[in-house]
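What follows is the content of final.txt (compact mmCIF, C-alpha atoms).
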# COMPACT_ATOMS: atom_id res chain seq x y z
CA MET A 262 0.00 0.00 0.00
CA ASN A 263 1.33 3.44 -0.82
CA GLU A 264 0.63 6.80 0.82
CA PHE A 265 -2.16 7.65 -1.63
CA GLU A 266 -3.98 4.38 -1.00
CA ALA A 267 -3.63 4.87 2.75
CA SER A 268 -5.08 8.37 2.47
CA LEU A 269 -8.08 7.02 0.53
CA ILE A 270 -8.74 4.49 3.30
CA ILE A 271 -8.61 7.24 5.92
CA ARG A 272 -10.99 9.38 3.89
CA ALA A 273 -13.43 6.52 3.34
CA GLY A 274 -13.39 5.70 7.04
CA ALA A 275 -14.08 9.32 7.96
CA GLU A 276 -16.99 9.48 5.53
CA LEU A 277 -18.45 6.23 6.88
CA LEU A 278 -18.12 7.47 10.45
CA SER A 279 -19.81 10.72 9.51
CA MET A 280 -22.77 8.88 7.97
CA GLU A 281 -23.09 6.44 10.88
CA SER A 282 -22.96 9.21 13.48
CA ALA A 283 -26.38 10.37 12.28
CA ASP A 284 -27.85 7.11 13.59
CA PRO A 285 -29.83 7.69 16.82
CA ARG A 286 -28.10 4.68 18.37
CA SER A 287 -24.68 6.25 17.80
CA GLU A 288 -24.18 7.05 21.49
CA GLU A 289 -24.06 3.33 22.39
CA GLY A 290 -20.33 3.06 21.75
CA TYR A 291 -19.38 6.72 22.08
CA ALA A 292 -16.53 6.20 24.57
CA ALA A 293 -14.97 3.51 22.39
CA VAL A 294 -15.37 5.68 19.28
CA LYS A 295 -13.58 8.55 21.03
CA GLY A 296 -10.74 6.22 22.03
CA ASN A 297 -10.41 4.84 18.52
CA LEU A 298 -10.50 8.33 17.00
CA SER A 299 -7.81 9.43 19.42
CA MET A 300 -5.55 6.57 18.36
CA ALA A 301 -6.30 7.26 14.69
CA LEU A 302 -5.41 10.94 15.05
CA ASP A 303 -2.12 10.01 16.72
CA SER A 304 -1.38 7.65 13.83
CA ILE A 305 -2.24 10.32 11.26
CA ALA A 306 0.07 12.76 13.05
CA ASP A 307 2.88 10.19 12.89
CA ALA A 308 2.19 9.63 9.19
CA LEU A 309 2.33 13.35 8.43
CA VAL A 310 5.69 13.65 10.14
CA ASN A 311 7.00 10.57 8.33
CA PHE A 312 5.79 11.76 4.92
CA GLU A 313 7.58 15.08 5.23
CA ALA A 314 10.72 13.61 6.80
CA GLY A 315 11.78 12.39 3.37
CA SER A 316 10.73 15.54 1.57
CA ALA A 317 13.08 18.36 0.67
CA GLY A 318 10.24 20.89 0.79
CA THR A 319 9.10 23.13 3.59
CA SER A 320 7.66 21.17 6.49
CA ARG A 321 4.30 22.35 7.76
CA SER A 322 3.26 18.98 9.09
CA ALA A 323 5.03 19.36 12.43
CA GLY A 324 2.50 21.98 13.52
CA TRP A 325 -0.39 19.99 12.13
CA ALA A 326 0.85 16.88 13.90
CA GLN A 327 1.00 18.77 17.20
CA ASP A 328 -2.57 20.00 16.69
CA LEU A 329 -3.79 16.49 15.88
CA ARG A 330 -2.11 15.10 18.99
CA ARG A 331 -3.75 17.81 21.14
CA VAL A 332 -7.17 16.89 19.75
CA ALA A 333 -6.40 13.19 20.32
CA ASP A 334 -5.51 13.93 23.95
CA ASP A 335 -8.67 16.00 24.42
CA LEU A 336 -10.82 13.16 23.11
CA VAL A 337 -9.64 10.70 25.74
CA ASP A 338 -9.50 13.26 28.58
CA ARG A 339 -13.19 14.14 28.36
Represent the structure from my file as structure tokens, please.
Amino acid sequence: MNEFEASLIIRAGAELLSMESADPRSEEGYAAVKGNLSMALDSIADALVNFEAGSAGTSRSAGWAQDLRRVADDLVDR
């Protein structure tokens, strides 16, 4: 799997989660969803840093990764 394929999987998962969250039963597993989202955001932050580590261009992902990690922490702290 390459980076593009991985990004498509992330996008598809986000779209599916968005559709399913409209279900009135969505609160049944809310704590588990928040935990899984937190782990996913941490993984996305790691991926952003890794993608730009091999790039010669300007790195903006470090700030984005920090923001994602803060959101991930907030999800599990609440």
Nearest to Asp303 (chain A), restricted to only C-alpha atoms and choosing among A:Val337, A:Ala317, A:Leu269, A:Met280, comes out as A:Val337
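Atom pair CA of Arg330 (chain A) / CA of Ala306 (chain A) has a distance of 6.7 Å (rounded to one decimal).
Between CA of Glu313 (chain A) and CA of Phe265 (chain A) lies a distance of 14.0 Å.
Counting from CA of Lys295 (chain A), the distance to CA of Ser282 (chain A) is 12.1 Å.
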Which neighbours of Met300 (chain A) fall inside 12 Å, counting all atoms listed in the file, when residues of the same chain fewer than 3 positions from it are skipped, and could you give them as number ranges by chain? A: 293-297, 303-307, 329-337
Would you pick out the contacts of Ser320 (chain A) at 10 Å or less, using only C-alpha atoms, so that residues sharing its chain but fewer than 6 positions from it are not included, and give the list as a list in words? Leu309, Val310, Phe312, Glu313 and Ala314 of chain A
With 4 Å added on each side, what axis-aligned box encloses every listed atom of region 286-304 of chain A? Give the centre and edge lengths in Å to one decimal, as JSON.
{"center_x": -14.7, "center_y": 7.0, "center_z": 19.2, "size_x": 34.7, "size_y": 15.9, "size_z": 18.7}
